[in-house]
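Novice: Below is one structure. I have some questions about it.
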Amino acid sequence: MTTPFVEPAYGHRGLGDVVPAIGHALGSDALRRPTGLVLPEAPAYVLFLVDGLGARLLERYAAAAPYLSSLLADSAPGTAGVPSTTATSLTSLGTGLTPGTHGLVGFTSRVPGTDRLLNALFWDKSVDPLVWQPHQTAFGRLTDAGVRVDVVNKREFDRSGLTIAAQRGAGYIGADRIGERIAGAVTGSTHRPSLTYLYDGDLDWTGHKYGVDSPQWLQQLAAIDAEAVQLREALPDEVRLVVVADHGMVDSTPASRLDVDQHEELRDGLVLLGGEARFRHLYCADGAVSSVAACWAEVLGDRADVLTREEAIARGWFGTVTELVLPRLGDVVVAARDDVAMFSSKDFGYEMSLVGLHGSLTSDEMLIPILVG
């Protein structure tokens, strides 16, 4: 039996609804209030995003994270957007917009009018992030409304393409170590009203390398839990702490892996292969959409959902899709089920070394904790 998909809860309890809910809890009406997320009123909020900490993973491995798991009982999970990947999720969080509007629609996606892919994490200096994502961010709108907003993250990410696209309008506090991050969050929270966002990517990195079912991942989860405890203890009592994730993760077993380049027919009619191993964007030659979709559906069977762009939009996977963003989406999109992964040894050889993966719509990937401490 295949794993059911979780549809994104845009406007209700999605990742993009967290900052608007915080804004209202701070007393600001600058952002539209989500329908399914109400947070307690407070003069200041600290928003701690743990990359890769899915809600189902936290439930499954609660013993390794006693503090964070203790907060689960008081909060229902939210959802990531589609695809459930870092660049898409961080931009949804920072802008309050759906992927179909903010335009970061995957780890890699086509630069319209070219045969190139934009890697949204590493960016491309020829692509202006202000053009790629032209909308004002939620961080910026809160700033304009009188809320102090700061981002606490590694110094190397300051002024990166992704940071500009997702988080412009906020101040930036460079912090490379845990102690620096906690100190930065405490400093930011002294302002009234304020939102201070900090990011930790170590759990995601560990999961990619070793898998979520590994001693290394469990040790890193325990370290994250200790960091959250230190952060809560360092903050004044009146400051609220919210812990969220951008997505979860699944481990891909050798038996579940498909290499596109070992199936020549999967390249027929294909101009460019994008996305990532759990969620592929297929960019097709003129007139080849139907044949490409049929071929991928036949090869993959019940291991993935193969949809045309129009079918995926109709399902609401990307939320409202603007004309600017439309050509960045694959003519065909392929979402993996269970622990299936669709690699390309030719185009994305580095992905084949990864154990933990994300991007699709299973509950392990889509459901995220929204924890209030």
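Every chain in the structure tokens takes a letter, A first, then B, and so on in the order presented; its residues are numbered from 1, and the ligands are numbered from 1 following the presented order.
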Can you build me a table of region 35-92 of chain A residues sitting at most 9 Å from region 223-227 of chain A, with the closest atom pair per residue and its distance in Å to one decimal, using only C-alpha atoms, sorted by chain and residue number, as JSON lines?
Specialist:
{"residue": "A:Val50", "atom": "CA", "partner": "A:Ile224", "partner_atom": "CA", "distance": 7.9}
{"residue": "A:Ala64", "atom": "CA", "partner": "A:Asp225", "partner_atom": "CA", "distance": 7.9}
{"residue": "A:Ala65", "atom": "CA", "partner": "A:Asp225", "partner_atom": "CA", "distance": 5.2}
{"residue": "A:Pro66", "atom": "CA", "partner": "A:Asp225", "partner_atom": "CA", "distance": 7.3}
{"residue": "A:Tyr67", "atom": "CA", "partner": "A:Asp225", "partner_atom": "CA", "distance": 6.2}
{"residue": "A:Leu68", "atom": "CA", "partner": "A:Asp225", "partner_atom": "CA", "distance": 6.2}
{"residue": "A:Ser69", "atom": "CA", "partner": "A:Asp225", "partner_atom": "CA", "distance": 9.0}
Novice: Identify, with DSSP run on backbone atoms, the residues in region 14-256 of chain A assigned to strand (DSSP E or B), and express the list as number ranges by chain.
Specialist: A: 14, 44-50, 78-79, 108-110, 117-119, 148-153, 171-174, 194-200, 239-244, 250-251
Novice: Between A:Ala293, A:Ala245, A:Val147, A:Leu326, which one has atoms that come closest to Arg110 (chain A), using only C-alpha atoms?
Specialist: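 Using only C-alpha atoms, the shortest distance to Arg110 (chain A) belongs to A:Leu326.
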Novice: Mind checking DSSP for region 21-154 of chain A and telling me the alpha helix (DSSP H) residues as a ChimeraX atom specification?
Specialist: /A:21-25,55-60,66-70,86-95,99-102,129-132,138-144
Novice: Can I get the selected residues back with C-alpha atoms, as a short mmCIF file (atom, residue, chain, number, x, y, z; two decimals), in the first residue's frame?
Specialist:
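Final output, result_36.cif:
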data_model
loop_
_atom_site.label_atom_id
_atom_site.label_comp_id
_atom_site.auth_asym_id
_atom_site.auth_seq_id
_atom_site.Cartn_x
_atom_site.Cartn_y
_atom_site.Cartn_z
CA ALA A 21 0.06 34.53 12.90
CA ILE A 22 3.01 35.94 14.84
CA GLY A 23 2.30 39.38 13.44
CA HIS A 24 -1.24 39.26 14.80
CA ALA A 25 0.02 37.95 18.15
CA ALA A 55 6.45 16.46 12.90
CA ARG A 56 6.26 12.70 12.32
CA LEU A 57 10.00 12.37 12.93
CA LEU A 58 9.73 14.28 16.20
CA GLU A 59 6.88 12.03 17.31
CA ARG A 60 8.77 8.87 16.30
CA PRO A 66 12.27 15.46 25.45
CA TYR A 67 11.77 19.23 25.52
CA LEU A 68 10.50 19.67 21.96
CA SER A 69 8.36 16.54 22.09
CA SER A 70 6.79 17.77 25.33
CA THR A 86 14.29 24.11 1.91
CA ALA A 87 14.44 26.94 -0.63
CA THR A 88 10.71 26.76 -1.30
CA SER A 89 9.84 26.54 2.38
CA LEU A 90 12.13 29.30 3.61
CA THR A 91 10.72 31.63 1.00
CA SER A 92 7.15 30.73 1.95
CA LEU A 93 8.01 31.43 5.59
CA GLY A 94 9.69 34.77 4.93
CA THR A 95 7.20 36.07 2.37
CA PRO A 99 5.27 28.79 -4.07
CA GLY A 100 3.19 29.58 -7.13
CA THR A 101 3.38 33.27 -6.23
CA HIS A 102 6.85 33.71 -4.74
CA PRO A 129 16.68 37.70 -6.79
CA LEU A 130 14.63 40.92 -6.81
CA VAL A 131 13.37 40.03 -10.27
CA TRP A 132 12.93 36.33 -9.52
CA ALA A 138 6.16 39.36 5.21
CA PHE A 139 9.27 40.34 7.16
CA GLY A 140 9.39 43.62 5.24
CA ARG A 141 5.70 44.35 5.73
CA LEU A 142 6.00 43.84 9.47
CA THR A 143 9.06 46.11 9.51
CA ASP A 144 7.11 48.81 7.70
#
Novice: Residues at most 9 Å from Gly14 (chain A), counting only C-alpha atoms, excluding those fewer than 5 positions away in the same chain, as a list in words?
Specialist: Pro8, Ala9, Pro34, Gly36, Leu37, Gly78, Thr79, Ala80, Gly81, Ser92, Leu93 and Ile368 of chain A
Novice: Just want the 12 Å neighbourhood of Arg159 (chain A), counted on only C-alpha atoms, with same-chain residues fewer than 6 positions away dropped. Output as a list in words.
Specialist: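 The neighbour list is Phe122, Trp123, Lys125, Asp128, Pro129, Leu130, Val151, Asn153, Ala165, Ala166, Gln167, Arg168, Gly169, Ala170, Gly171, Tyr172, Ile173 and Gly174 of chain A.
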